[in-house]
Amino acid sequence: MLQDLFLFSPPATVPAAVIAAIFGLLVGSFLNVVIYRMPKMMQRESDNYVASESGLPLPHTDRFNLMVPRSNCTHCGHQIRAIENIPVFSWLVLRGKCSSCGTPISARYPIIEALTAALSAALVWQFGSGWTGLATLLFAYLLIAMTFIDYDTKLLPDDLTYPLLWAGLLVNLNGTFVPLADAVIGAAAGYLVLWAVYWLFKLLTGKEGMGYGDFKLLAALGAWLGWMMLPTIILLSSLVGAVVGICLIVFAKRGRDNPIPFGPYLATAGLIALLFGPEISAFTSGFLGGA
């Protein structure tokens with residue numbers, strides 16, 4: 001039975017969901033750092049590698065990682081104090097501006113924090129506050145980071161896709177979500193499906209329709225949710241992509257020649273499949289069966 005596809009802990013209590021939301025706010029603040037800094041770390045590493053291979057001085061010798069240097073205003077260099085770094089609240093109190101120079105601070109920062117908090121509460125509420133619930137939080141946090149990094153840079157870092165993939169296989173060693181065999185097949189099938197689509201599209205058009213990071217992301221989703229959920233994820237990602245694309249064209253006046261990377265659609269579909277996948281699969285199976 002599809003409704004028995006996922007085996008999870010009893011639903012959490014309201015206090016547990018509230019604690020998860022508060023924890024999610026803090027994690028969301030850190031995810032903002034990951035989203036901003038990881039692409040820059042990758043670029044700096046690439047620049048240093050090219051320079052070293054060419055025998056040139058390294059262009060980046062200062063420490064720059066997820067912890068160092070401290071967060072600061074990109075306009076005036078003002079270091080963000082702890083009181084100015086309270087998720088959502090500080091942005092509201094500061095009215096979305098730097099306390100030093102008054103430069104606007106993107107509303108995306110509190111949005112990501114609030115999104116992470118809401119997802120944390122929803123996942124703990126549905127999957128419980130035990131091992132399974134904590135695993136779903138890791139799943140969601142990695143997908144949130146990848147969604148915004150891919151949207152900004154059209155990159156899905158291996159430092160995020162590979163941990164998600166291996167974590168999915170480890171989580172399913174004891175069949176937390178699906179049997180291990182289904183997880184392994186899901187990882188392989190997820191990669192190969194998009195790999196085949198990539199090469200077919202390239203042979204027909206001479207263009208690259210997606211990146212290798214998309215293959216790895218779908219492989220990771222297959223490792224977490226199993227091969228049986230892959231058709232649902234692909235269908236959901238296509239629907240999400242169509243809705244977002246139409247909205248951007250209509251409301252944001254974004255041209256068709258500026259598509260959004262596929263990673264955010266896959267990540268959104270993966271989260272929907274985690275929360276509602278068995279119900280969606282049961283519905284589609286019943287619909288197709290009835291047809």
# chains A, B, ... in the order shown; residues from 1 in each chain; ligands from 1
>>> residues_around(residues="region 41-53 of chain A", least_positions_apart="3", cutoff="12 Å", atoms="only C-alpha atoms", output="ChimeraX atom specification")
/A:33-38,56-68,149,153,155-159
>>> select_by_dssp(residues="region 30-170 of chain A", states="helix (DSSP H, G or I)", output="mmCIF file with N, CA and C atoms, in the first residue's frame")
data_model
loop_
_atom_site.group_PDB
_atom_site.id
_atom_site.type_symbol
_atom_site.label_atom_id
_atom_site.label_comp_id
_atom_site.auth_asym_id
_atom_site.auth_seq_id
_atom_site.Cartn_x
_atom_site.Cartn_y
_atom_site.Cartn_z
ATOM 1 N N PHE A 30 21.528 30.798 9.792
ATOM 2 C CA PHE A 30 22.779 30.195 9.321
ATOM 3 C C PHE A 30 22.697 29.849 7.836
ATOM 4 N N LEU A 31 21.529 29.398 7.375
ATOM 5 C CA LEU A 31 21.375 29.075 5.960
ATOM 6 C C LEU A 31 21.578 30.307 5.087
ATOM 7 N N ASN A 32 21.187 31.471 5.589
ATOM 8 C CA ASN A 32 21.450 32.706 4.848
ATOM 9 C C ASN A 32 22.946 32.894 4.623
ATOM 10 N N VAL A 33 23.740 32.541 5.635
ATOM 11 C CA VAL A 33 25.195 32.626 5.507
ATOM 12 C C VAL A 33 25.688 31.620 4.474
ATOM 13 N N VAL A 34 25.172 30.390 4.543
ATOM 14 C CA VAL A 34 25.573 29.346 3.592
ATOM 15 C C VAL A 34 25.237 29.771 2.166
ATOM 16 N N ILE A 35 24.042 30.270 1.968
ATOM 17 C CA ILE A 35 23.584 30.660 0.629
ATOM 18 C C ILE A 35 24.439 31.788 0.064
ATOM 19 N N TYR A 36 24.823 32.715 0.908
ATOM 20 C CA TYR A 36 25.620 33.855 0.445
ATOM 21 C C TYR A 36 27.085 33.493 0.246
ATOM 22 N N ARG A 37 27.637 32.721 1.192
ATOM 23 C CA ARG A 37 29.091 32.522 1.193
ATOM 24 C C ARG A 37 29.574 31.321 0.385
ATOM 25 N N MET A 38 28.785 30.251 0.325
ATOM 26 C CA MET A 38 29.299 29.047 -0.331
ATOM 27 C C MET A 38 29.674 29.289 -1.795
ATOM 28 N N PRO A 39 28.849 29.974 -2.597
ATOM 29 C CA PRO A 39 29.285 30.244 -3.971
ATOM 30 C C PRO A 39 30.568 31.077 -4.023
ATOM 31 N N LYS A 40 30.719 32.029 -3.104
ATOM 32 C CA LYS A 40 31.938 32.842 -3.073
ATOM 33 C C LYS A 40 33.141 31.990 -2.674
ATOM 34 N N MET A 41 32.933 31.070 -1.749
ATOM 35 C CA MET A 41 34.017 30.157 -1.369
ATOM 36 C C MET A 41 34.445 29.305 -2.560
ATOM 37 N N MET A 42 33.479 28.831 -3.335
ATOM 38 C CA MET A 42 33.784 28.032 -4.514
ATOM 39 C C MET A 42 34.552 28.845 -5.547
ATOM 40 N N GLN A 43 34.135 30.109 -5.747
ATOM 41 C CA GLN A 43 34.797 30.965 -6.719
ATOM 42 C C GLN A 43 36.235 31.284 -6.288
ATOM 43 N N ARG A 44 36.411 31.556 -4.999
ATOM 44 C CA ARG A 44 37.740 31.850 -4.485
ATOM 45 C C ARG A 44 38.660 30.637 -4.633
ATOM 46 N N GLU A 45 38.131 29.462 -4.343
ATOM 47 C CA GLU A 45 38.918 28.243 -4.494
ATOM 48 C C GLU A 45 39.314 28.028 -5.948
ATOM 49 N N SER A 46 38.381 28.295 -6.848
ATOM 50 C CA SER A 46 38.665 28.157 -8.283
ATOM 51 C C SER A 46 39.715 29.166 -8.725
ATOM 52 N N ASP A 47 39.590 30.407 -8.275
ATOM 53 C CA ASP A 47 40.561 31.447 -8.637
ATOM 54 C C ASP A 47 41.959 31.076 -8.147
ATOM 55 N N ASN A 48 42.050 30.580 -6.918
ATOM 56 C CA ASN A 48 43.350 30.200 -6.365
ATOM 57 C C ASN A 48 43.956 29.020 -7.117
ATOM 58 N N TYR A 49 43.098 28.081 -7.522
ATOM 59 C CA TYR A 49 43.594 26.924 -8.267
ATOM 60 C C TYR A 49 44.164 27.351 -9.621
ATOM 61 N N VAL A 50 43.429 28.205 -10.327
ATOM 62 C CA VAL A 50 43.894 28.679 -11.640
ATOM 63 C C VAL A 50 45.204 29.438 -11.488
ATOM 64 N N ALA A 51 45.283 30.279 -10.458
ATOM 65 C CA ALA A 51 46.507 31.058 -10.247
ATOM 66 C C ALA A 51 47.687 30.151 -9.924
ATOM 67 N N SER A 52 47.458 29.140 -9.069
ATOM 68 C CA SER A 52 48.558 28.240 -8.701
ATOM 69 C C SER A 52 49.030 27.424 -9.893
ATOM 70 N N GLU A 53 48.097 27.003 -10.769
ATOM 71 C CA GLU A 53 48.470 26.239 -11.957
ATOM 72 C C GLU A 53 49.241 27.096 -12.951
ATOM 73 N N ALA A 82 25.304 40.976 17.669
ATOM 74 C CA ALA A 82 24.399 39.883 18.011
ATOM 75 C C ALA A 82 22.961 40.360 18.103
ATOM 76 N N ILE A 83 22.755 41.545 18.658
ATOM 77 C CA ILE A 83 21.400 42.084 18.824
ATOM 78 C C ILE A 83 20.771 42.406 17.480
ATOM 79 N N GLU A 84 21.617 42.595 16.458
ATOM 80 C CA GLU A 84 21.117 42.905 15.112
ATOM 81 C C GLU A 84 20.943 41.643 14.276
ATOM 82 N N PHE A 89 13.155 39.156 13.759
ATOM 83 C CA PHE A 89 12.890 40.262 14.678
ATOM 84 C C PHE A 89 13.804 41.450 14.404
ATOM 85 N N SER A 90 15.114 41.201 14.269
ATOM 86 C CA SER A 90 16.053 42.307 14.055
ATOM 87 C C SER A 90 15.755 43.035 12.753
ATOM 88 N N TRP A 91 15.427 42.287 11.722
ATOM 89 C CA TRP A 91 15.116 42.922 10.430
ATOM 90 C C TRP A 91 13.906 43.838 10.571
ATOM 91 N N LEU A 92 12.898 43.396 11.313
ATOM 92 C CA LEU A 92 11.699 44.211 11.513
ATOM 93 C C LEU A 92 12.018 45.456 12.339
ATOM 94 N N VAL A 93 12.790 45.302 13.410
ATOM 95 C CA VAL A 93 13.135 46.437 14.269
ATOM 96 C C VAL A 93 13.972 47.456 13.500
ATOM 97 N N ARG A 108 14.719 38.985 1.654
ATOM 98 C CA ARG A 108 14.881 37.542 1.502
ATOM 99 C C ARG A 108 15.456 36.899 2.754
ATOM 100 N N TYR A 109 16.247 37.642 3.506
ATOM 101 C CA TYR A 109 16.841 37.078 4.723
ATOM 102 C C TYR A 109 15.769 36.651 5.725
ATOM 103 N N PRO A 110 14.852 37.531 6.126
ATOM 104 C CA PRO A 110 13.804 37.073 7.052
ATOM 105 C C PRO A 110 12.837 36.077 6.423
ATOM 106 N N ILE A 111 12.659 36.149 5.100
ATOM 107 C CA ILE A 111 11.780 35.190 4.435
ATOM 108 C C ILE A 111 12.351 33.782 4.551
ATOM 109 N N ILE A 112 13.656 33.637 4.317
ATOM 110 C CA ILE A 112 14.295 32.324 4.438
ATOM 111 C C ILE A 112 14.229 31.834 5.875
ATOM 112 N N GLU A 113 14.429 32.732 6.836
ATOM 113 C CA GLU A 113 14.346 32.350 8.251
ATOM 114 C C GLU A 113 12.938 31.886 8.615
ATOM 115 N N ALA A 114 11.929 32.638 8.159
ATOM 116 C CA ALA A 114 10.545 32.266 8.461
ATOM 117 C C ALA A 114 10.160 30.974 7.748
ATOM 118 N N LEU A 115 10.616 30.804 6.512
ATOM 119 C CA LEU A 115 10.338 29.568 5.761
ATOM 120 C C LEU A 115 10.947 28.359 6.467
ATOM 121 N N THR A 116 12.186 28.508 6.911
ATOM 122 C CA THR A 116 12.854 27.406 7.609
ATOM 123 C C THR A 116 12.130 27.068 8.904
ATOM 124 N N ALA A 117 11.669 28.100 9.622
ATOM 125 C CA ALA A 117 10.930 27.875 10.868
ATOM 126 C C ALA A 117 9.617 27.149 10.603
ATOM 127 N N ALA A 118 8.883 27.588 9.576
ATOM 128 C CA ALA A 118 7.588 26.977 9.267
ATOM 129 C C ALA A 118 7.759 25.516 8.844
ATOM 130 N N LEU A 119 8.758 25.250 8.014
ATOM 131 C CA LEU A 119 8.999 23.874 7.582
ATOM 132 C C LEU A 119 9.444 22.998 8.749
ATOM 133 N N SER A 120 10.254 23.549 9.627
ATOM 134 C CA SER A 120 10.715 22.790 10.792
ATOM 135 C C SER A 120 9.532 22.366 11.653
ATOM 136 N N ALA A 121 8.630 23.308 11.906
ATOM 137 C CA ALA A 121 7.454 22.995 12.718
ATOM 138 C C ALA A 121 6.573 21.960 12.028
ATOM 139 N N ALA A 122 6.363 22.117 10.718
ATOM 140 C CA ALA A 122 5.502 21.191 9.977
ATOM 141 C C ALA A 122 6.089 19.782 9.965
ATOM 142 N N LEU A 123 7.407 19.683 9.773
ATOM 143 C CA LEU A 123 8.030 18.364 9.694
ATOM 144 C C LEU A 123 8.035 17.656 11.044
ATOM 145 N N VAL A 124 8.338 18.396 12.102
ATOM 146 C CA VAL A 124 8.323 17.780 13.429
ATOM 147 C C VAL A 124 6.895 17.422 13.830
ATOM 148 N N TRP A 125 5.945 18.254 13.452
ATOM 149 C CA TRP A 125 4.542 17.957 13.743
ATOM 150 C C TRP A 125 4.104 16.658 13.073
ATOM 151 N N GLN A 126 4.535 16.464 11.822
ATOM 152 C CA GLN A 126 4.090 15.286 11.081
ATOM 153 C C GLN A 126 4.917 14.044 11.403
ATOM 154 N N PHE A 127 6.249 14.217 11.522
ATOM 155 C CA PHE A 127 7.119 13.049 11.663
ATOM 156 C C PHE A 127 7.597 12.807 13.086
ATOM 157 N N TRP A 131 14.153 10.393 15.925
ATOM 158 C CA TRP A 131 15.160 10.246 14.875
ATOM 159 C C TRP A 131 14.618 10.591 13.496
ATOM 160 N N THR A 132 13.417 10.115 13.179
ATOM 161 C CA THR A 132 12.854 10.362 11.848
ATOM 162 C C THR A 132 12.599 11.841 11.622
ATOM 163 N N GLY A 133 12.028 12.494 12.622
ATOM 164 C CA GLY A 133 11.772 13.922 12.496
ATOM 165 C C GLY A 133 13.047 14.723 12.312
ATOM 166 N N LEU A 134 14.088 14.386 13.062
ATOM 167 C CA LEU A 134 15.363 15.092 12.929
ATOM 168 C C LEU A 134 15.973 14.868 11.546
ATOM 169 N N ALA A 135 15.797 13.668 11.017
ATOM 170 C CA ALA A 135 16.314 13.377 9.679
ATOM 171 C C ALA A 135 15.614 14.248 8.631
ATOM 172 N N THR A 136 14.302 14.421 8.778
ATOM 173 C CA THR A 136 13.586 15.253 7.804
ATOM 174 C C THR A 136 14.029 16.711 7.884
ATOM 175 N N LEU A 137 14.440 17.165 9.068
ATOM 176 C CA LEU A 137 14.935 18.538 9.198
ATOM 177 C C LEU A 137 16.224 18.714 8.387
ATOM 178 N N LEU A 138 17.134 17.745 8.487
ATOM 179 C CA LEU A 138 18.362 17.800 7.689
ATOM 180 C C LEU A 138 18.024 17.829 6.208
ATOM 181 N N PHE A 139 17.101 16.996 5.798
ATOM 182 C CA PHE A 139 16.634 16.940 4.408
ATOM 183 C C PHE A 139 16.161 18.323 3.950
ATOM 184 N N ALA A 140 15.316 18.953 4.750
ATOM 185 C CA ALA A 140 14.745 20.243 4.383
ATOM 186 C C ALA A 140 15.801 21.339 4.358
ATOM 187 N N TYR A 141 16.682 21.365 5.344
ATOM 188 C CA TYR A 141 17.673 22.434 5.423
ATOM 189 C C TYR A 141 18.622 22.415 4.233
ATOM 190 N N LEU A 142 19.054 21.221 3.842
ATOM 191 C CA LEU A 142 19.938 21.127 2.680
ATOM 192 C C LEU A 142 19.219 21.561 1.404
ATOM 193 N N LEU A 143 17.949 21.200 1.282
ATOM 194 C CA LEU A 143 17.187 21.584 0.087
ATOM 195 C C LEU A 143 16.951 23.089 0.030
ATOM 196 N N ILE A 144 16.699 23.711 1.173
ATOM 197 C CA ILE A 144 16.511 25.171 1.187
ATOM 198 C C ILE A 144 17.787 25.863 0.724
ATOM 199 N N ALA A 145 18.915 25.438 1.252
ATOM 200 C CA ALA A 145 20.189 26.051 0.850
ATOM 201 C C ALA A 145 20.428 25.873 -0.646
ATOM 202 N N MET A 146 20.203 24.669 -1.154
ATOM 203 C CA MET A 146 20.435 24.417 -2.577
ATOM 204 C C MET A 146 19.480 25.203 -3.464
ATOM 205 N N THR A 147 18.246 25.354 -3.020
ATOM 206 C CA THR A 147 17.258 26.087 -3.814
ATOM 207 C C THR A 147 17.724 27.504 -4.102
ATOM 208 N N PHE A 148 18.150 28.212 -3.081
ATOM 209 C CA PHE A 148 18.511 29.615 -3.266
ATOM 210 C C PHE A 148 19.889 29.785 -3.892
ATOM 211 N N ILE A 149 20.806 28.864 -3.615
ATOM 212 C CA ILE A 149 22.106 28.931 -4.282
ATOM 213 C C ILE A 149 21.939 28.707 -5.778
ATOM 214 N N ASP A 150 21.132 27.718 -6.140
ATOM 215 C CA ASP A 150 20.916 27.432 -7.558
ATOM 216 C C ASP A 150 20.179 28.579 -8.245
ATOM 217 N N TYR A 151 19.233 29.166 -7.537
ATOM 218 C CA TYR A 151 18.498 30.299 -8.112
ATOM 219 C C TYR A 151 19.444 31.469 -8.381
ATOM 220 N N ASP A 152 20.382 31.713 -7.466
ATOM 221 C CA ASP A 152 21.298 32.848 -7.597
ATOM 222 C C ASP A 152 22.407 32.595 -8.608
ATOM 223 N N THR A 153 22.938 31.383 -8.626
ATOM 224 C CA THR A 153 24.177 31.131 -9.366
ATOM 225 C C THR A 153 24.075 30.064 -10.443
ATOM 226 N N ASP A 158 28.546 20.396 -4.938
ATOM 227 C CA ASP A 158 28.749 19.010 -4.507
ATOM 228 C C ASP A 158 28.799 18.904 -2.991
ATOM 229 N N ASP A 159 29.247 19.974 -2.331
ATOM 230 C CA ASP A 159 29.329 19.959 -0.869
ATOM 231 C C ASP A 159 27.957 19.868 -0.209
ATOM 232 N N LEU A 160 26.901 20.044 -0.994
ATOM 233 C CA LEU A 160 25.542 19.907 -0.473
ATOM 234 C C LEU A 160 24.828 18.695 -1.068
ATOM 235 N N THR A 161 24.999 18.465 -2.376
ATOM 236 C CA THR A 161 24.278 17.351 -3.003
ATOM 237 C C THR A 161 24.799 15.994 -2.525
ATOM 238 N N TYR A 162 26.113 15.848 -2.400
ATOM 239 C CA TYR A 162 26.656 14.564 -1.965
ATOM 240 C C TYR A 162 26.285 14.227 -0.520
ATOM 241 N N PRO A 163 26.412 15.180 0.427
ATOM 242 C CA PRO A 163 25.950 14.860 1.790
ATOM 243 C C PRO A 163 24.476 14.469 1.836
ATOM 244 N N LEU A 164 23.641 15.139 1.019
ATOM 245 C CA LEU A 164 22.221 14.791 0.989
ATOM 246 C C LEU A 164 22.031 13.371 0.470
ATOM 247 N N LEU A 165 22.778 13.014 -0.560
ATOM 248 C CA LEU A 165 22.694 11.669 -1.141
ATOM 249 C C LEU A 165 23.122 10.600 -0.136
ATOM 250 N N TRP A 166 24.299 10.773 0.458
ATOM 251 C CA TRP A 166 24.796 9.755 1.386
ATOM 252 C C TRP A 166 23.952 9.699 2.654
ATOM 253 N N ALA A 167 23.465 10.852 3.102
ATOM 254 C CA ALA A 167 22.597 10.864 4.287
ATOM 255 C C ALA A 167 21.318 10.082 4.016
ATOM 256 N N GLY A 168 20.781 10.208 2.802
ATOM 257 C CA GLY A 168 19.569 9.462 2.463
ATOM 258 C C GLY A 168 19.777 7.962 2.533
ATOM 259 N N LEU A 169 20.916 7.496 2.024
ATOM 260 C CA LEU A 169 21.199 6.061 2.083
ATOM 261 C C LEU A 169 21.413 5.600 3.526
ATOM 262 N N LEU A 170 22.109 6.407 4.315
ATOM 263 C CA LEU A 170 22.344 6.040 5.712
ATOM 264 C C LEU A 170 21.046 6.022 6.516
#
>>> residues_around(residues="Ala183 (chain A)", least_positions_apart="5", cutoff="8 Å", atoms="only C-alpha atoms", output="JSON, numbers by chain")
{"A": [168, 169, 172, 178, 222, 223, 224, 225, 226, 227]}
>>> write_last_selection(atoms="N, CA, C and O atoms", output="PDB file, in the first residue's frame")
ATOM      1  N   GLY A 168      20.781  10.208   2.802  1.00  0.00           N
ATOM      2  CA  GLY A 168      19.569   9.462   2.463  1.00  0.00           C
ATOM      3  C   GLY A 168      19.777   7.962   2.533  1.00  0.00           C
ATOM      4  O   GLY A 168      18.930   7.224   3.046  1.00  0.00           O
ATOM      5  N   LEU A 169      20.916   7.496   2.024  1.00  0.00           N
ATOM      6  CA  LEU A 169      21.199   6.061   2.083  1.00  0.00           C
ATOM      7  C   LEU A 169      21.413   5.600   3.526  1.00  0.00           C
ATOM      8  O   LEU A 169      20.941   4.524   3.922  1.00  0.00           O
ATOM      9  N   ASN A 172      18.184   5.347   5.494  1.00  0.00           N
ATOM     10  CA  ASN A 172      17.354   4.209   5.105  1.00  0.00           C
ATOM     11  C   ASN A 172      18.025   2.854   5.334  1.00  0.00           C
ATOM     12  O   ASN A 172      17.510   1.831   4.874  1.00  0.00           O
ATOM     13  N   VAL A 178      12.108   4.193   3.328  1.00  0.00           N
ATOM     14  CA  VAL A 178      11.898   3.110   2.367  1.00  0.00           C
ATOM     15  C   VAL A 178      12.956   2.046   2.626  1.00  0.00           C
ATOM     16  O   VAL A 178      13.985   2.310   3.253  1.00  0.00           O
ATOM     17  N   GLY A 222      15.981  10.404  -4.635  1.00  0.00           N
ATOM     18  CA  GLY A 222      15.683   8.982  -4.771  1.00  0.00           C
ATOM     19  C   GLY A 222      16.233   8.170  -3.616  1.00  0.00           C
ATOM     20  O   GLY A 222      15.617   7.199  -3.174  1.00  0.00           O
ATOM     21  N   ALA A 223      17.401   8.586  -3.105  1.00  0.00           N
ATOM     22  CA  ALA A 223      17.999   7.882  -1.973  1.00  0.00           C
ATOM     23  C   ALA A 223      17.158   8.046  -0.714  1.00  0.00           C
ATOM     24  O   ALA A 223      17.077   7.141   0.112  1.00  0.00           O
ATOM     25  N   TRP A 224      16.523   9.200  -0.553  1.00  0.00           N
ATOM     26  CA  TRP A 224      15.687   9.449   0.620  1.00  0.00           C
ATOM     27  C   TRP A 224      14.309   8.814   0.483  1.00  0.00           C
ATOM     28  O   TRP A 224      13.801   8.212   1.436  1.00  0.00           O
ATOM     29  N   LEU A 225      13.686   8.973  -0.676  1.00  0.00           N
ATOM     30  CA  LEU A 225      12.273   8.628  -0.826  1.00  0.00           C
ATOM     31  C   LEU A 225      12.020   7.367  -1.649  1.00  0.00           C
ATOM     32  O   LEU A 225      10.876   6.923  -1.741  1.00  0.00           O
ATOM     33  N   GLY A 226      13.074   6.806  -2.247  1.00  0.00           N
ATOM     34  CA  GLY A 226      12.922   5.562  -2.987  1.00  0.00           C
ATOM     35  C   GLY A 226      12.548   5.755  -4.444  1.00  0.00           C
ATOM     36  O   GLY A 226      12.045   6.809  -4.847  1.00  0.00           O
ATOM     37  N   TRP A 227      12.788   4.729  -5.224  1.00  0.00           N
ATOM     38  CA  TRP A 227      12.543   4.834  -6.670  1.00  0.00           C
ATOM     39  C   TRP A 227      11.065   4.985  -7.003  1.00  0.00           C
ATOM     40  O   TRP A 227      10.704   5.590  -8.019  1.00  0.00           O
TER      41      TRP A 227
END
>>> closest_residue(among="A:Pro69, A:Ile260, A:Met228, A:Ser238", to="Ala282 (chain A)", atoms="only C-alpha atoms")
A:Met228
>>> residues_around(residues="Thr268 (chain A)", least_positions_apart="3", cutoff="10 Å", atoms="only C-alpha atoms", output="list in words")
Ala140, Leu143, Ile144, Thr147, Ile233, Leu236, Ser237, Val240, Gly241, Gly263, Pro264, Tyr265, Leu271, Ile272, Ala273 and Leu274 of chain A
